[in-house]
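Novice: This one is entry18.cif, mmCIF, C-alpha atoms.
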```
data_work
#
loop_
_atom_site.label_atom_id
_atom_site.label_comp_id
_atom_site.auth_asym_id
_atom_site.auth_seq_id
_atom_site.Cartn_x
_atom_site.Cartn_y
_atom_site.Cartn_z
CA MET A 1 -35.52 -36.39 -30.03
CA ASN A 2 -36.13 -39.36 -27.72
CA ALA A 3 -39.70 -40.03 -28.82
CA ALA A 4 -41.09 -43.46 -28.09
CA PRO A 5 -40.99 -45.70 -31.15
CA PRO A 6 -44.36 -46.63 -32.56
CA SER A 7 -45.97 -49.80 -31.31
CA GLY A 8 -46.29 -51.24 -34.82
CA LEU A 9 -45.88 -54.57 -36.52
CA TYR A 10 -42.63 -56.26 -37.30
CA LEU A 11 -41.70 -58.41 -40.26
CA THR A 12 -38.69 -60.45 -41.20
CA ARG A 13 -38.65 -61.27 -44.84
CA PRO A 14 -37.09 -64.37 -46.25
CA GLU A 15 -37.40 -67.27 -43.79
CA GLU A 16 -38.99 -66.53 -40.44
CA LEU A 17 -41.81 -64.01 -40.71
CA ARG A 18 -43.22 -62.51 -37.54
CA LEU A 19 -45.85 -59.90 -36.85
CA LEU A 20 -45.36 -57.91 -33.64
CA PRO A 21 -47.62 -55.05 -32.51
CA GLY A 22 -46.39 -52.93 -29.56
CA ALA A 23 -43.87 -51.92 -26.85
CA ALA A 24 -40.96 -49.54 -27.36
CA GLU A 25 -38.03 -51.63 -26.16
CA ALA A 26 -39.25 -54.68 -28.09
CA VAL A 27 -39.51 -52.46 -31.17
CA ARG A 28 -35.88 -51.35 -30.82
CA THR A 29 -34.63 -54.86 -30.07
CA LEU A 30 -36.51 -56.50 -32.92
CA ASN A 31 -35.42 -53.81 -35.35
CA ARG A 32 -31.77 -54.48 -34.43
CA ARG A 33 -32.41 -58.15 -35.25
CA GLY A 34 -33.76 -57.40 -38.72
CA HIS A 35 -37.50 -57.29 -38.04
CA ARG A 36 -39.15 -54.26 -39.60
CA VAL A 37 -42.02 -52.06 -38.41
CA VAL A 38 -44.96 -52.36 -40.74
CA VAL A 39 -48.08 -51.06 -38.93
CA ASP A 40 -48.90 -48.68 -36.05
CA ASP A 41 -51.94 -46.53 -35.29
CA LEU A 42 -49.70 -43.87 -33.65
CA SER A 43 -52.05 -43.51 -30.70
CA SER A 44 -49.03 -43.37 -28.38
CA GLY A 45 -46.01 -43.32 -30.70
CA PHE A 46 -44.54 -41.05 -33.35
CA ALA A 47 -43.80 -41.84 -37.00
CA ASP A 48 -40.50 -39.94 -36.83
CA ALA A 49 -39.32 -42.43 -34.19
CA VAL A 50 -39.60 -45.41 -36.56
CA PRO A 51 -36.10 -46.94 -36.70
CA GLU A 52 -34.09 -46.24 -39.85
CA GLY A 53 -34.64 -48.86 -42.52
CA ALA A 54 -38.04 -49.88 -41.22
CA GLU A 55 -41.20 -49.91 -43.28
CA PHE A 56 -44.13 -48.02 -41.82
CA VAL A 57 -47.87 -48.28 -42.49
CA ARG A 58 -50.29 -46.38 -40.28
CA GLY A 59 -53.16 -48.63 -39.19
CA ASP A 60 -54.84 -50.72 -36.52
CA MET A 61 -55.31 -54.45 -35.94
CA ALA A 62 -57.57 -54.70 -38.99
CA VAL A 63 -54.57 -53.60 -41.05
CA ALA A 64 -52.47 -56.19 -39.20
CA ALA A 65 -55.05 -58.86 -40.03
CA GLY A 66 -54.88 -57.75 -43.66
CA ILE A 67 -51.11 -58.17 -43.66
CA LEU A 68 -51.51 -61.65 -42.20
CA ALA A 69 -53.92 -62.44 -45.03
CA GLY A 70 -51.42 -61.23 -47.65
CA PRO A 71 -48.93 -63.24 -49.66
CA ASP A 72 -46.22 -63.47 -46.94
CA ARG A 73 -46.41 -66.40 -44.52
CA PHE A 74 -46.18 -65.78 -40.78
CA GLU A 75 -45.06 -68.20 -38.09
CA GLY A 76 -46.42 -66.18 -35.19
CA VAL A 77 -47.50 -62.89 -33.71
CA ALA A 78 -46.19 -60.96 -30.72
CA HIS A 79 -49.00 -58.65 -29.62
CA LEU A 80 -47.47 -55.97 -27.43
CA ALA A 81 -49.74 -53.03 -28.29
CA ALA A 82 -52.21 -51.55 -25.83
CA ARG A 83 -53.85 -48.45 -24.56
CA SER A 84 -52.35 -48.36 -21.09
CA LEU A 85 -53.07 -45.11 -19.24
CA ILE A 86 -54.89 -46.11 -16.08
CA ASP A 87 -56.40 -42.69 -15.25
CA ASP A 88 -57.59 -42.27 -18.84
CA SER A 89 -59.13 -45.75 -18.74
CA VAL A 90 -61.28 -44.67 -15.79
CA ARG A 91 -62.41 -41.49 -17.56
CA ARG A 92 -62.92 -43.10 -20.99
CA PRO A 93 -63.32 -46.87 -20.55
CA GLU A 94 -64.79 -47.31 -24.04
CA ARG A 95 -61.40 -46.48 -25.56
CA TYR A 96 -59.81 -49.35 -23.62
CA TRP A 97 -62.51 -51.91 -24.31
CA ARG A 98 -62.34 -51.07 -28.04
CA GLY A 99 -58.59 -50.46 -28.25
CA ASN A 100 -57.41 -53.39 -26.15
CA THR A 101 -60.16 -56.01 -26.23
CA GLN A 102 -62.02 -55.49 -29.51
CA GLN A 103 -58.86 -54.79 -31.52
CA SER A 104 -57.19 -57.90 -30.06
CA LEU A 105 -60.16 -59.99 -31.21
CA VAL A 106 -59.78 -58.53 -34.71
CA LEU A 107 -56.13 -59.63 -34.66
CA LEU A 108 -57.00 -63.11 -33.35
CA ASP A 109 -59.61 -63.54 -36.07
CA GLY A 110 -57.05 -62.42 -38.65
CA MET A 111 -54.61 -64.99 -37.29
CA LEU A 112 -57.24 -67.73 -37.58
CA ALA A 113 -58.09 -66.76 -41.15
CA ALA A 114 -54.39 -66.76 -42.09
CA GLY A 115 -53.62 -70.04 -40.32
CA VAL A 116 -51.22 -68.38 -37.86
CA SER A 117 -51.46 -70.25 -34.57
CA ARG A 118 -48.71 -68.82 -32.33
CA ILE A 119 -49.00 -65.65 -30.30
CA VAL A 120 -47.02 -63.91 -27.58
CA PHE A 121 -49.30 -61.52 -25.70
CA SER A 122 -48.06 -58.78 -23.43
CA SER A 123 -50.53 -58.71 -20.57
CA THR A 124 -50.14 -56.54 -17.47
CA ALA A 125 -49.89 -56.74 -13.70
CA ALA A 126 -52.97 -54.46 -13.70
CA THR A 127 -55.05 -57.62 -14.22
CA TYR A 128 -54.30 -58.46 -10.57
CA GLY A 129 -55.49 -55.13 -9.12
CA GLN A 130 -53.98 -54.52 -5.68
CA PRO A 131 -51.80 -57.61 -5.18
CA GLU A 132 -51.72 -59.46 -1.88
CA ARG A 133 -47.95 -59.85 -2.25
CA VAL A 134 -45.07 -58.74 -4.46
CA PRO A 135 -43.70 -60.16 -6.62
CA ILE A 136 -47.10 -61.29 -7.87
CA PRO A 137 -47.29 -65.03 -8.52
CA GLU A 138 -49.06 -65.96 -11.77
CA ASP A 139 -51.67 -67.96 -9.84
CA ALA A 140 -52.68 -64.91 -7.76
CA PRO A 141 -56.38 -63.97 -8.02
CA THR A 142 -57.16 -61.48 -10.79
CA ARG A 143 -59.16 -58.47 -9.59
CA PRO A 144 -58.54 -55.58 -11.97
CA ALA A 145 -59.11 -52.20 -10.32
CA ASN A 146 -59.64 -50.23 -13.55
CA PRO A 147 -60.86 -50.62 -17.13
CA TYR A 148 -57.30 -50.94 -18.47
CA GLY A 149 -56.63 -54.01 -16.32
CA ALA A 150 -60.09 -55.43 -17.01
CA SER A 151 -59.71 -55.01 -20.79
CA LYS A 152 -56.35 -56.79 -20.77
CA LEU A 153 -57.74 -59.59 -18.57
CA ALA A 154 -60.56 -60.05 -21.09
CA VAL A 155 -57.93 -60.61 -23.80
CA ASP A 156 -56.19 -63.15 -21.54
CA GLY A 157 -59.51 -65.00 -21.35
CA ALA A 158 -60.11 -64.75 -25.10
CA LEU A 159 -56.65 -66.19 -25.76
CA ALA A 160 -57.42 -69.18 -23.56
CA ASP A 161 -60.73 -69.73 -25.35
CA TYR A 162 -59.19 -69.35 -28.82
CA ALA A 163 -56.37 -71.70 -27.85
CA TRP A 164 -58.85 -74.31 -26.69
CA ALA A 165 -61.11 -74.01 -29.72
CA HIS A 166 -58.66 -73.20 -32.51
CA THR A 167 -55.15 -74.23 -31.39
CA VAL A 168 -53.92 -70.64 -31.17
CA SER A 169 -50.93 -71.14 -28.87
CA PRO A 170 -50.17 -68.44 -26.29
CA ARG A 171 -46.48 -68.49 -25.38
#
```
Here is the file; what I need is its structure written in the form of structure tokens.

Specialist:
Amino acid sequence: MNAAPPSGLYLTRPEELRLLPGAAEAVRTLNRRGHRVVVDDLSSGFADAVPEGAEFVRGDMAVAAGILAGPDRFEGVAHLAARSLIDDSVRRPERYWRGNTQQSLVLLDGMLAAGVSRIVFSSTAATYGQPERVPIPEDAPTRPANPYGASKLAVDGALADYAWAHTVSPR
């Protein structure tokens, strides 16, 4: 079965601990490098696709924040998880505002409480809406055309605000 791996969290134990929610290829790559899945809500993945040898805990960003607050120390977070179906976001925008924006804020607050200041965030070209040119330069105007893009853009803004106020460092 070629099911998409869960979005999940990744952990490396002894020296460099990292927490990584999201994205299938990143999950496979990080697992090959010794990082282990810890948490996923399975909203778009399947538990039976968790790579062999990985730990698995079903949960959301509140669970991730709880892991950050636990006894292990984390150097950073790679947040790659998202609800990302554009048509669904138009029909049910509340799922995207809660799932992408609100859950990201829960994770950011968990990072602050745990003293974790580095984050890699997987945004989306959907924050730009219909681009004026391709490839899209990063300084292009952002005009999301749907709730998915708007919810991810809101997280981009929150990251900038958290970085300014709390030294959370987007990479």

Novice: Could you check the closest approach to Glu75 (chain A) for each of A:Asp60, A:Met111, A:Ser89, A:Trp97 and tell me which residue wins, using all atoms listed in the file?

Specialist: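 Among A:Asp60, A:Met111, A:Ser89, A:Trp97, it is A:Met111 that comes nearest to Glu75 (chain A).
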
Novice: Could you jot down the CA of Gly115 (chain A) to CA of Gly157 (chain A) separation for me, Å, one decimal place?

Specialist: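 It comes out at 20.5 Å.
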
Novice: Selection in question (the file shown): the PyMOL selection byres ((chain A and resi 144) around 10). Which residues does it include, as a list in words?

Specialist: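 Applying the expression gives Ala125, Ala126, Thr127, Tyr128, Gly129, Gln130, Pro131, Pro141, Thr142, Arg143, Ala145, Asn146, Pro147, Tyr148, Gly149, Ala150, Ser151, Lys152 and Leu153 of chain A.
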
Novice: Using all atoms listed in the file, pick whichever of A:Asp48, A:Leu68, A:Ser122, A:Val155 has the shortest atom-to-atom distance to Gly99 (chain A).

Specialist: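 Closest to Gly99 (chain A) of all the choices is A:Val155.
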
Novice: Which is closer to Tyr162 (chain A) than all the others in A:Leu108, A:Val116, A:Val63, A:Val134, using only C-alpha atoms?

Specialist: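 Once distances to Tyr162 (chain A) are computed over only C-alpha atoms, the minimum belongs to A:Leu108.
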